[in-house]
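See below for protein.tsv, which holds TSV, C-alpha atoms (C1' of nucleotides).
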chain	number	residue	atom	x	y	z
G	1	MET	CA	-32.98	7.30	77.22
G	2	ILE	CA	-30.64	5.06	75.31
G	3	PRO	CA	-28.70	7.01	72.64
G	4	PHE	CA	-29.25	4.38	69.96
G	5	ARG	CA	-31.99	2.15	68.57
G	6	LEU	CA	-31.87	-1.60	68.48
G	7	VAL	CA	-33.87	-3.83	66.13
G	8	LEU	CA	-33.31	-7.43	67.17
G	9	GLN	CA	-32.24	-9.82	64.45
G	10	PRO	CA	-32.18	-13.60	64.90
G	11	GLY	CA	-28.96	-15.54	64.31
G	12	ILE	CA	-26.65	-12.78	65.45
G	13	PRO	CA	-25.27	-12.68	69.02
G	14	LEU	CA	-27.12	-10.13	71.13
G	15	HIS	CA	-24.02	-8.49	72.57
G	16	GLU	CA	-22.68	-8.03	69.05
G	17	GLN	CA	-25.82	-6.28	67.90
G	18	VAL	CA	-25.81	-3.90	70.85
G	19	ALA	CA	-22.12	-3.14	70.42
G	20	PHE	CA	-22.64	-2.46	66.72
G	21	ALA	CA	-25.56	-0.15	67.40
G	22	ALA	CA	-23.38	1.80	69.81
G	23	LYS	CA	-20.51	1.93	67.32
G	24	LYS	CA	-22.90	3.17	64.66
G	25	ALA	CA	-24.14	5.90	66.99
G	26	MET	CA	-20.56	7.00	67.67
G	27	MET	CA	-19.61	7.10	64.00
G	28	SER	CA	-22.73	9.00	63.04
G	29	GLY	CA	-22.17	11.61	65.73
G	30	ARG	CA	-25.14	10.80	67.93
G	31	LEU	CA	-22.59	9.81	70.58
G	32	ARG	CA	-19.79	12.36	70.69
G	33	PRO	CA	-16.39	12.05	72.41
G	34	GLY	CA	-16.59	12.99	76.07
G	35	GLU	CA	-20.26	12.16	76.42
G	36	PRO	CA	-21.25	9.59	79.05
G	37	PHE	CA	-22.17	6.08	77.92
G	38	PRO	CA	-25.19	4.37	79.52
G	39	SER	CA	-24.28	2.31	82.57
G	40	VAL	CA	-24.33	-1.47	82.43
G	41	ARG	CA	-27.43	-1.65	84.61
G	42	THR	CA	-29.20	1.07	82.62
G	43	LEU	CA	-28.54	-0.81	79.40
G	44	SER	CA	-29.81	-3.96	81.05
G	45	ARG	CA	-33.03	-2.26	82.15
G	46	GLU	CA	-33.82	-0.25	79.00
G	47	LEU	CA	-32.95	-2.95	76.47
G	48	LYS	CA	-34.36	-5.76	78.61
G	49	ILE	CA	-31.03	-7.52	78.56
G	50	HIS	CA	-29.18	-9.32	81.31
G	51	VAL	CA	-26.47	-7.39	83.15
G	52	ASN	CA	-23.80	-9.85	82.10
G	53	THR	CA	-24.65	-9.35	78.44
G	54	ALA	CA	-24.53	-5.57	78.84
G	55	GLN	CA	-21.21	-5.87	80.63
G	56	ARG	CA	-19.89	-7.86	77.71
G	57	VAL	CA	-20.80	-4.99	75.40
G	58	VAL	CA	-18.98	-2.43	77.50
G	59	ALA	CA	-15.94	-4.71	77.74
G	60	ALA	CA	-15.81	-5.15	73.96
G	61	LEU	CA	-16.16	-1.44	73.21
G	62	THR	CA	-13.52	-0.65	75.82
G	63	GLN	CA	-11.11	-3.17	74.31
G	64	GLU	CA	-11.65	-1.54	70.91
G	65	GLY	CA	-10.68	1.81	72.36
G	66	LEU	CA	-14.10	3.36	71.88
G	67	LEU	CA	-14.98	3.67	75.57
G	68	GLU	CA	-12.94	4.87	78.51
G	69	VAL	CA	-13.71	3.59	82.00
G	70	ARG	CA	-13.74	5.91	85.04
G	71	PRO	CA	-13.76	3.50	87.98
G	72	GLY	CA	-16.72	4.07	90.25
G	73	ILE	CA	-18.10	6.77	87.95
G	74	GLY	CA	-19.01	5.16	84.63
G	75	THR	CA	-17.81	5.02	81.05
G	76	VAL	CA	-17.23	7.85	78.60
G	77	VAL	CA	-16.96	7.91	74.80
G	78	CYS	CA	-13.30	8.08	73.78
G	79	GLN	CA	-11.50	10.53	71.55
G	80	PRO	CA	-10.83	8.71	68.27
G	81	ALA	CA	-7.28	7.41	68.20
G	82	PRO	CA	-4.85	9.13	65.81
G	83	ALA	CA	-5.75	7.65	62.43
G	84	ARG	CA	-3.37	4.81	61.65
G	85	ARG	CA	-4.15	3.70	58.11
G	86	TYR	CA	-1.05	1.70	57.33
G	87	ASP	CA	-2.84	-1.57	56.63
G	88	ARG	CA	-6.34	-0.73	55.32
G	89	GLY	CA	-7.14	-3.50	52.82
G	90	ARG	CA	-5.68	-6.23	55.00
G	91	VAL	CA	-7.98	-5.63	57.96
G	92	LEU	CA	-11.37	-5.48	56.27
G	93	GLY	CA	-10.33	-7.62	53.32
G	94	PRO	CA	-12.48	-10.67	54.11
G	95	GLU	CA	-15.55	-8.52	54.78
G	96	VAL	CA	-15.15	-6.73	51.44
G	97	ASP	CA	-14.65	-10.05	49.69
G	98	GLN	CA	-17.87	-11.42	51.08
G	99	LEU	CA	-19.74	-8.29	50.04
G	100	VAL	CA	-18.29	-8.37	46.52
G	101	VAL	CA	-19.16	-12.04	45.98
G	102	GLU	CA	-22.68	-11.48	47.29
G	103	ALA	CA	-23.13	-8.51	44.95
G	104	MET	CA	-21.87	-10.48	41.95
G	105	LYS	CA	-24.21	-13.34	42.82
G	106	MET	CA	-27.22	-11.12	42.31
G	107	GLY	CA	-25.99	-9.67	39.06
G	108	LEU	CA	-24.92	-6.26	40.28
G	109	THR	CA	-22.24	-4.23	38.52
G	110	LEU	CA	-19.30	-2.60	40.28
G	111	GLU	CA	-21.03	0.74	39.83
G	112	ASP	CA	-24.18	-0.60	41.52
G	113	LEU	CA	-22.14	-1.71	44.52
G	114	GLN	CA	-20.17	1.54	44.70
G	115	GLU	CA	-23.41	3.48	44.61
G	116	THR	CA	-24.87	1.44	47.46
G	117	VAL	CA	-21.74	1.92	49.56
G	118	GLU	CA	-21.79	5.66	48.96
G	119	GLU	CA	-25.47	5.91	49.85
G	120	ARG	CA	-25.01	4.09	53.18
G	121	TRP	CA	-21.92	6.20	53.90
G	122	ARG	CA	-23.73	9.49	53.35
G	123	ARG	CA	-26.67	8.28	55.43
G	124	LEU	CA	-24.41	8.51	58.49
G	125	GLN	CA	-22.22	11.45	57.52
G	126	PRO	CA	-24.67	14.41	57.73
G	127	GLU	CA	-25.27	13.93	61.44
G	128	ARG	CA	-21.54	13.73	61.84
G	129	ALA	CA	-20.94	17.05	60.09
G	130	ALA	CA	-23.70	18.73	62.10
G	131	ALA	CA	-22.13	17.48	65.32
G	132	LYS	CA	-18.78	18.98	64.39
G	133	ALA	CA	-20.38	22.32	63.51
G	134	ASN	CA	-22.00	22.62	66.94
G	135	GLN	CA	-18.74	22.04	68.82
G	136	PRO	CA	-15.74	23.84	67.31
E	1	MET	CA	-9.01	-32.16	42.51
E	2	ILE	CA	-11.21	-29.66	44.34
E	3	PRO	CA	-11.84	-26.55	42.21
E	4	PHE	CA	-11.28	-24.13	45.08
E	5	ARG	CA	-8.92	-23.53	47.94
E	6	LEU	CA	-9.90	-23.41	51.59
E	7	VAL	CA	-7.98	-21.68	54.37
E	8	LEU	CA	-9.60	-22.55	57.67
E	9	GLN	CA	-10.50	-19.65	59.91
E	10	PRO	CA	-11.59	-20.05	63.54
E	11	GLY	CA	-14.92	-18.68	64.72
E	12	ILE	CA	-16.71	-19.18	61.41
E	13	PRO	CA	-18.86	-22.29	60.77
E	14	LEU	CA	-17.04	-24.79	58.60
E	15	HIS	CA	-19.92	-25.37	56.18
E	16	GLU	CA	-20.19	-21.61	55.67
E	17	GLN	CA	-16.52	-21.32	54.76
E	18	VAL	CA	-16.72	-24.14	52.24
E	19	ALA	CA	-19.90	-22.76	50.69
E	20	PHE	CA	-18.31	-19.32	50.40
E	21	ALA	CA	-15.17	-20.73	48.78
E	22	ALA	CA	-17.37	-22.48	46.22
E	23	LYS	CA	-19.39	-19.31	45.61
E	24	LYS	CA	-16.18	-17.36	45.13
E	25	ALA	CA	-14.96	-19.92	42.60
E	26	MET	CA	-18.20	-19.64	40.68
E	27	MET	CA	-18.16	-15.84	40.60
E	28	SER	CA	-14.53	-15.72	39.55
E	29	GLY	CA	-15.11	-18.15	36.68
E	30	ARG	CA	-13.09	-21.08	37.99
E	31	LEU	CA	-16.38	-22.97	38.19
E	32	ARG	CA	-18.43	-22.33	35.08
E	33	PRO	CA	-22.12	-23.10	34.47
E	34	GLY	CA	-22.64	-26.70	33.36
E	35	GLU	CA	-19.47	-27.98	35.00
E	36	PRO	CA	-19.82	-30.79	37.55
E	37	PHE	CA	-19.53	-29.97	41.23
E	38	PRO	CA	-17.51	-32.32	43.47
E	39	SER	CA	-19.63	-35.03	45.05
E	40	VAL	CA	-20.47	-34.93	48.73
E	41	ARG	CA	-18.18	-37.86	49.48
E	42	THR	CA	-15.35	-36.39	47.40
E	43	LEU	CA	-15.59	-33.10	49.28
E	44	SER	CA	-15.59	-35.07	52.51
E	45	ARG	CA	-12.43	-36.97	51.55
E	46	GLU	CA	-10.41	-34.14	50.00
E	47	LEU	CA	-11.25	-31.47	52.57
E	48	LYS	CA	-11.13	-33.92	55.49
E	49	ILE	CA	-14.65	-32.99	56.43
E	50	HIS	CA	-17.51	-35.19	57.56
E	51	VAL	CA	-20.05	-36.23	54.91
E	52	ASN	CA	-22.87	-34.53	56.78
E	53	THR	CA	-21.02	-31.22	56.74
E	54	ALA	CA	-20.34	-31.53	53.01
E	55	GLN	CA	-23.98	-32.39	52.42
E	56	ARG	CA	-24.96	-29.23	54.25
E	57	VAL	CA	-22.81	-27.22	51.84
E	58	VAL	CA	-24.45	-28.76	48.78
E	59	ALA	CA	-27.89	-28.21	50.27
E	60	ALA	CA	-27.17	-24.53	50.94
E	61	LEU	CA	-25.77	-23.87	47.47
E	62	THR	CA	-28.72	-25.69	45.90
E	63	GLN	CA	-31.18	-23.61	47.91
E	64	GLU	CA	-29.44	-20.47	46.68
E	65	GLY	CA	-29.92	-21.61	43.10
E	66	LEU	CA	-26.21	-22.03	42.42
E	67	LEU	CA	-26.24	-25.82	42.07
E	68	GLU	CA	-28.63	-28.11	40.23
E	69	VAL	CA	-29.11	-31.69	41.40
E	70	ARG	CA	-29.32	-34.59	38.96
E	71	PRO	CA	-30.62	-37.48	41.09
E	72	GLY	CA	-28.25	-40.41	41.06
E	73	ILE	CA	-25.75	-38.51	38.92
E	74	GLY	CA	-24.44	-35.61	40.95
E	75	THR	CA	-24.67	-31.82	41.04
E	76	VAL	CA	-23.91	-29.29	38.34
E	77	VAL	CA	-23.17	-25.58	38.46
E	78	CYS	CA	-26.30	-23.64	37.51
E	79	GLN	CA	-26.84	-20.99	34.88
E	80	PRO	CA	-27.07	-17.67	36.73
E	81	ALA	CA	-30.72	-16.75	37.23
E	82	PRO	CA	-32.05	-13.84	35.14
E	83	ALA	CA	-30.75	-10.78	36.96
E	84	ARG	CA	-33.48	-9.47	39.23
E	85	ARG	CA	-32.17	-6.20	40.67
E	86	TYR	CA	-35.39	-4.73	41.96
E	87	ASP	CA	-34.28	-4.59	45.58
E	88	ARG	CA	-30.48	-4.19	45.63
E	89	GLY	CA	-29.79	-1.97	48.63
E	90	ARG	CA	-32.34	-3.73	50.81
E	91	VAL	CA	-30.73	-7.17	50.55
E	92	LEU	CA	-27.11	-6.36	51.30
E	93	GLY	CA	-27.89	-3.26	53.32
E	94	PRO	CA	-26.83	-4.59	56.75
E	95	GLU	CA	-23.56	-5.97	55.34
E	96	VAL	CA	-22.71	-2.64	53.73
E	97	ASP	CA	-23.58	-0.82	56.95
E	98	GLN	CA	-21.22	-2.98	58.96
E	99	LEU	CA	-18.44	-2.42	56.45
E	100	VAL	CA	-18.98	1.35	56.43
E	101	VAL	CA	-18.96	1.63	60.21
E	102	GLU	CA	-15.83	-0.50	60.44
E	103	ALA	CA	-14.11	1.68	57.84
E	104	MET	CA	-15.07	4.89	59.62
E	105	LYS	CA	-13.82	3.46	62.92
E	106	MET	CA	-10.29	3.21	61.55
E	107	GLY	CA	-10.33	6.67	60.04
E	108	LEU	CA	-10.75	5.75	56.40
E	109	THR	CA	-12.31	8.11	53.90
E	110	LEU	CA	-15.09	7.15	51.50
E	111	GLU	CA	-12.54	7.16	48.70
E	112	ASP	CA	-10.31	4.74	50.64
E	113	LEU	CA	-13.22	2.34	51.04
E	114	GLN	CA	-14.30	2.64	47.41
E	115	GLU	CA	-10.75	1.95	46.30
E	116	THR	CA	-10.59	-1.19	48.42
E	117	VAL	CA	-13.91	-2.43	47.07
E	118	GLU	CA	-12.79	-1.85	43.49
E	119	GLU	CA	-9.51	-3.64	44.08
E	120	ARG	CA	-11.19	-6.75	45.52
E	121	TRP	CA	-13.72	-6.64	42.68
E	122	ARG	CA	-11.10	-6.57	39.96
E	123	ARG	CA	-9.16	-9.33	41.69
E	124	LEU	CA	-11.98	-11.71	40.72
E	125	GLN	CA	-13.08	-10.19	37.45
E	126	PRO	CA	-10.11	-11.01	35.13
E	127	GLU	CA	-10.58	-14.76	35.49
E	128	ARG	CA	-14.24	-14.19	34.80
E	129	ALA	CA	-13.56	-12.33	31.56
E	130	ALA	CA	-11.06	-14.98	30.46
E	131	ALA	CA	-13.63	-17.70	31.07
E	132	LYS	CA	-16.19	-15.92	28.91
E	133	ALA	CA	-13.66	-15.43	26.11
E	134	ASN	CA	-12.95	-19.16	25.94
E	135	GLN	CA	-16.60	-20.10	25.62
E	136	PRO	CA	-18.57	-17.78	23.29
O	1	DA	C1'	-28.54	-58.46	37.59
O	2	DC	C1'	-24.94	-56.55	39.92
O	3	DA	C1'	-21.72	-53.28	41.96
O	4	DA	C1'	-20.36	-48.67	42.58
O	5	DG	C1'	-21.32	-44.13	42.49
O	6	DT	C1'	-24.66	-40.24	43.40
O	7	DG	C1'	-27.85	-37.15	46.85
O	8	DT	C1'	-30.67	-37.49	51.00
O	9	DA	C1'	-32.63	-38.62	55.62
O	10	DC	C1'	-32.48	-39.96	60.27
O	11	DT	C1'	-30.68	-40.53	65.09
O	12	DA	C1'	-27.12	-39.90	68.44
O	13	DT	C1'	-23.16	-37.84	70.75
O	14	DG	C1'	-19.77	-34.42	72.35
O	15	DC	C1'	-18.41	-29.72	72.29
O	16	DC	C1'	-18.74	-24.79	72.62
O	17	DG	C1'	-20.88	-20.22	72.57
O	18	DC	C1'	-24.85	-17.41	74.05
O	19	DT	C1'	-27.95	-15.84	77.54
O	20	DT	C1'	-29.78	-15.62	81.86
O	21	DG	C1'	-29.45	-16.04	86.96
O	22	DT	C1'	-27.19	-15.10	91.23
O	23	DT	C1'	-23.79	-13.41	94.33
O	24	DA	C1'	-19.97	-10.79	95.54
O	25	DC	C1'	-16.26	-7.21	95.54
O	26	DA	C1'	-13.82	-2.48	94.89
O	27	DC	C1'	-14.57	2.03	93.67
O	28	DC	C1'	-16.67	6.92	93.88
O	29	DA	C1'	-20.26	10.66	94.89
O	30	DA	C1'	-23.98	13.08	97.45
F	1	DT	C1'	-23.98	5.58	104.97
F	2	DT	C1'	-26.44	4.98	100.80
F	3	DG	C1'	-26.68	4.38	96.09
F	4	DG	C1'	-24.53	4.22	91.81
F	5	DT	C1'	-20.51	2.64	88.96
F	6	DG	C1'	-17.56	-1.45	86.56
F	7	DT	C1'	-15.91	-6.17	87.31
F	8	DA	C1'	-15.52	-11.04	88.49
F	9	DA	C1'	-16.94	-15.70	89.37
F	10	DC	C1'	-19.93	-19.76	89.07
F	11	DA	C1'	-24.04	-22.35	87.53
F	12	DA	C1'	-27.75	-23.66	84.54
F	13	DG	C1'	-30.35	-24.14	80.18
F	14	DC	C1'	-30.47	-23.73	75.33
F	15	DG	C1'	-29.07	-24.17	70.64
F	16	DG	C1'	-25.82	-24.65	66.83
F	17	DC	C1'	-21.82	-27.13	64.97
F	18	DA	C1'	-19.26	-31.14	63.68
F	19	DT	C1'	-18.72	-35.82	63.93
F	20	DA	C1'	-20.36	-40.73	63.69
F	21	DG	C1'	-23.04	-44.41	61.90
F	22	DT	C1'	-26.74	-46.41	59.19
F	23	DA	C1'	-30.05	-46.58	55.69
F	24	DC	C1'	-32.68	-45.65	51.28
F	25	DA	C1'	-33.69	-44.38	46.26
F	26	DC	C1'	-31.53	-43.28	42.34
F	27	DT	C1'	-28.34	-43.80	37.99
F	28	DT	C1'	-24.35	-45.56	35.45
F	29	DG	C1'	-21.14	-49.15	33.84
F	30	DT	C1'	-20.09	-53.84	33.62
Now that the file is in, can you turn its structure into C-alpha cells?
Amino acid sequence: MIPFRLVLQPGIPLHEQVAFAAKKAMMSGRLRPGEPFPSVRTLSRELKIHVNTAQRVVAALTQEGLLEVRPGIGTVVCQPAPARRYDRGRVLGPEVDQLVVEAMKMGLTLEDLQETVEERWRRLQPERAAAKANQP
Amino acid sequence: MIPFRLVLQPGIPLHEQVAFAAKKAMMSGRLRPGEPFPSVRTLSRELKIHVNTAQRVVAALTQEGLLEVRPGIGTVVCQPAPARRYDRGRVLGPEVDQLVVEAMKMGLTLEDLQETVEERWRRLQPERAAAKANQP
DNA sequence: ACAAGTGTACTATGCCGCTTGTTACACCAA
DNA sequence: TTGGTGTAACAAGCGGCATAGTACACTTGT
C-alpha cells in the first residue's frame, strides 16, 4: 500500500501534489528515514498515474535530498540533512507574504493566523513524536 | 504613477503577480478604500503588459470584492466587506499546510516559523496604521 | 454633438508546461 | 535467466498564458 493519501485538486500539477503528499508523510513520521519508498511503477499502478509522472516525483524528491537512490534496488527515505538555518526568512518569504495578505483580506488578526499555523503544525507533530519514541 | 511595485518572477502567471501586488498595496494601506484604481490601459502602458492581461487583473480583483466598477468612469478600491470569519482554517488550510511542511523540511521550529510570520505581518501593518490615523 | 476616456467581449495566434504513450537501456536480486 | 529497479528519449494531445487586433456601450469634458 502507498504510505500516503492523495486527494486530487484541479489547477495544481499532478506531480507536485504527489511530491507534496510524500513530503508531508515524511515530515509527519509516517515515512521514516531508512524506509523504502514505493517504486516508480508501483506509484504509477496504485495512484493510476503514468510512469513518467511518477518518475518526475522521484526525481524531484531526490533533488531535494529527501530520497536516496540505490541503483537497481529502489529508493530509500533519506536522513534529514544537518539543519542549516542560516537564511530562514529569505527562503519562504514570498510564501509567508502571500499567506499574510490572504489572511488580512478576510479580516483575520495576527493572533488568528498564528493560531491556525500552530494548529496545523501540531496536527503533524504527534505522529512524529510517536515515531521517535518507537526507534531510539 | 502606479501605486505598487512589481518585480517579475518566472514560473508565476503574470496576471497573478500583478493582482497580488495590488492586493498587497491595499492591505498595507497604500491603496485606501475610495481611491481610484489605475485604468486597464494605464496598467498596460506603465507595466508594459497587454491590455487583455491587465483586464484579467481587474476582473479578478473585482470578483474578489476588492474593486468596484463604475461603468464608463473606472474602478475604485472597495470598502472591506464585513468581516466574516466563520470558516478561517478551512479556507487557507492548504496554504498553511504547505508552509508548515516546507518549514519542517529545513529544520525550523514552530517558534522560528511564528517569528517569521509575525515579522512579515508587521512589515505591512505600520503603513496601515498610519493610513487610518490620517483619515478618522 | 463630438472626442476621449473608461470597462468589456470576442476571435486568433504562438508558446510552453502537463500528462500520457511508447520504447529502450543499465543495474541488481532470487 | 527472469523480474524488478531507476533513467532517458521522443511523440502526441491538451490546456493555460500572453499577445494582437477589433469592436461595443458607457461617461465625462469640451
What are the residues of chain E that have an atom within 9 Å of an atom of chain G, counting all atoms listed in the file, as a ChimeraX atom specification?
/E:20,23-24,26-28,66,80-85,88-89,92-93,95-108,110,112-114,116-118,120-121,124
Once you count only C-alpha atoms (C1' of nucleotides), which residues of chain E turn out to be within 7 Å of chain O? Could you give them as an mmCIF file with C-alpha atoms, keeping the file's coordinate frame?
data_model
loop_
_atom_site.group_PDB
_atom_site.id
_atom_site.type_symbol
_atom_site.label_atom_id
_atom_site.label_comp_id
_atom_site.auth_asym_id
_atom_site.auth_seq_id
_atom_site.Cartn_x
_atom_site.Cartn_y
_atom_site.Cartn_z
ATOM 1 C CA PRO E 71 -30.620 -37.480 41.090
ATOM 2 C CA GLY E 72 -28.250 -40.410 41.060
ATOM 3 C CA ILE E 73 -25.750 -38.510 38.920
ATOM 4 C CA GLY E 74 -24.440 -35.610 40.950
#
Given a cut-off of 12 Å, which residues of chain E touch chain F, counting all atoms listed in the file, written out as an MDAnalysis selection string?
chainID E and resid 11:16 44 48:54 56 69:74
So how many Å separate CA of Cys78 (chain E) and CA of Pro33 (chain E), to one decimal?
5.2 Å
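Interatomic distance, CA of Arg5 (chain E) to CA of Gln55 (chain E): 18.0 Å.
You will find CA of Arg30 (chain E) at 7.9 Å from CA of Phe4 (chain E).
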Written record: region 34-55 of chain G, N, CA and C atoms, as a PDB file, in the first residue's frame:
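See decode-v6.pdb below for the written result:
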ATOM      1  N   GLY G  34      15.321   5.678   6.179  1.00  0.00           N
ATOM      2  CA  GLY G  34      15.739   4.302   6.015  1.00  0.00           C
ATOM      3  C   GLY G  34      14.669   3.417   5.413  1.00  0.00           C
ATOM      4  N   GLU G  35      13.418   3.827   5.542  1.00  0.00           N
ATOM      5  CA  GLU G  35      12.331   3.034   4.978  1.00  0.00           C
ATOM      6  C   GLU G  35      12.323   3.149   3.459  1.00  0.00           C
ATOM      7  N   PRO G  36      11.886   2.056   2.794  1.00  0.00           N
ATOM      8  CA  PRO G  36      11.840   2.072   1.326  1.00  0.00           C
ATOM      9  C   PRO G  36      10.694   2.947   0.817  1.00  0.00           C
ATOM     10  N   PHE G  37      10.945   3.631  -0.288  1.00  0.00           N
ATOM     11  CA  PHE G  37       9.915   4.445  -0.935  1.00  0.00           C
ATOM     12  C   PHE G  37       9.331   3.641  -2.089  1.00  0.00           C
ATOM     13  N   PRO G  38       8.015   3.749  -2.299  1.00  0.00           N
ATOM     14  CA  PRO G  38       7.373   2.978  -3.380  1.00  0.00           C
ATOM     15  C   PRO G  38       8.073   3.180  -4.709  1.00  0.00           C
ATOM     16  N   SER G  39       8.199   2.108  -5.478  1.00  0.00           N
ATOM     17  CA  SER G  39       8.861   2.190  -6.774  1.00  0.00           C
ATOM     18  C   SER G  39       8.029   3.015  -7.752  1.00  0.00           C
ATOM     19  N   VAL G  40       8.693   3.504  -8.773  1.00  0.00           N
ATOM     20  CA  VAL G  40       8.030   4.315  -9.791  1.00  0.00           C
ATOM     21  C   VAL G  40       6.826   3.592 -10.376  1.00  0.00           C
ATOM     22  N   ARG G  41       7.009   2.326 -10.695  1.00  0.00           N
ATOM     23  CA  ARG G  41       5.910   1.568 -11.321  1.00  0.00           C
ATOM     24  C   ARG G  41       4.799   1.241 -10.334  1.00  0.00           C
ATOM     25  N   THR G  42       5.162   1.082  -9.057  1.00  0.00           N
ATOM     26  CA  THR G  42       4.125   0.870  -8.032  1.00  0.00           C
ATOM     27  C   THR G  42       3.280   2.131  -7.871  1.00  0.00           C
ATOM     28  N   LEU G  43       3.941   3.268  -7.775  1.00  0.00           N
ATOM     29  CA  LEU G  43       3.236   4.536  -7.692  1.00  0.00           C
ATOM     30  C   LEU G  43       2.296   4.686  -8.876  1.00  0.00           C
ATOM     31  N   SER G  44       2.820   4.375 -10.047  1.00  0.00           N
ATOM     32  CA  SER G  44       2.035   4.503 -11.272  1.00  0.00           C
ATOM     33  C   SER G  44       0.776   3.640 -11.199  1.00  0.00           C
ATOM     34  N   ARG G  45       0.931   2.419 -10.683  1.00  0.00           N
ATOM     35  CA  ARG G  45      -0.198   1.496 -10.647  1.00  0.00           C
ATOM     36  C   ARG G  45      -1.220   1.898  -9.583  1.00  0.00           C
ATOM     37  N   GLU G  46      -0.727   2.167  -8.370  1.00  0.00           N
ATOM     38  CA  GLU G  46      -1.623   2.429  -7.240  1.00  0.00           C
ATOM     39  C   GLU G  46      -2.348   3.766  -7.385  1.00  0.00           C
ATOM     40  N   LEU G  47      -1.640   4.772  -7.862  1.00  0.00           N
ATOM     41  CA  LEU G  47      -2.239   6.108  -7.952  1.00  0.00           C
ATOM     42  C   LEU G  47      -2.875   6.358  -9.317  1.00  0.00           C
ATOM     43  N   LYS G  48      -2.792   5.341 -10.200  1.00  0.00           N
ATOM     44  CA  LYS G  48      -3.337   5.484 -11.542  1.00  0.00           C
ATOM     45  C   LYS G  48      -2.726   6.688 -12.248  1.00  0.00           C
ATOM     46  N   ILE G  49      -1.423   6.689 -12.236  1.00  0.00           N
ATOM     47  CA  ILE G  49      -0.649   7.792 -12.811  1.00  0.00           C
ATOM     48  C   ILE G  49       0.341   7.203 -13.797  1.00  0.00           C
ATOM     49  N   HIS G  50       0.695   7.982 -14.801  1.00  0.00           N
ATOM     50  CA  HIS G  50       1.653   7.462 -15.776  1.00  0.00           C
ATOM     51  C   HIS G  50       3.042   7.343 -15.165  1.00  0.00           C
ATOM     52  N   VAL G  51       3.829   6.394 -15.698  1.00  0.00           N
ATOM     53  CA  VAL G  51       5.153   6.135 -15.139  1.00  0.00           C
ATOM     54  C   VAL G  51       6.032   7.372 -15.204  1.00  0.00           C
ATOM     55  N   ASN G  52       5.922   8.115 -16.292  1.00  0.00           N
ATOM     56  CA  ASN G  52       6.751   9.303 -16.440  1.00  0.00           C
ATOM     57  C   ASN G  52       6.455  10.323 -15.344  1.00  0.00           C
ATOM     58  N   THR G  53       5.186  10.465 -15.016  1.00  0.00           N
ATOM     59  CA  THR G  53       4.799  11.409 -13.964  1.00  0.00           C
ATOM     60  C   THR G  53       5.352  10.951 -12.614  1.00  0.00           C
ATOM     61  N   ALA G  54       5.248   9.665 -12.345  1.00  0.00           N
ATOM     62  CA  ALA G  54       5.785   9.119 -11.094  1.00  0.00           C
ATOM     63  C   ALA G  54       7.300   9.313 -11.032  1.00  0.00           C
ATOM     64  N   GLN G  55       7.946   9.093 -12.164  1.00  0.00           N
ATOM     65  CA  GLN G  55       9.397   9.272 -12.231  1.00  0.00           C
ATOM     66  C   GLN G  55       9.780  10.710 -11.905  1.00  0.00           C
TER      67      GLN G  55
END
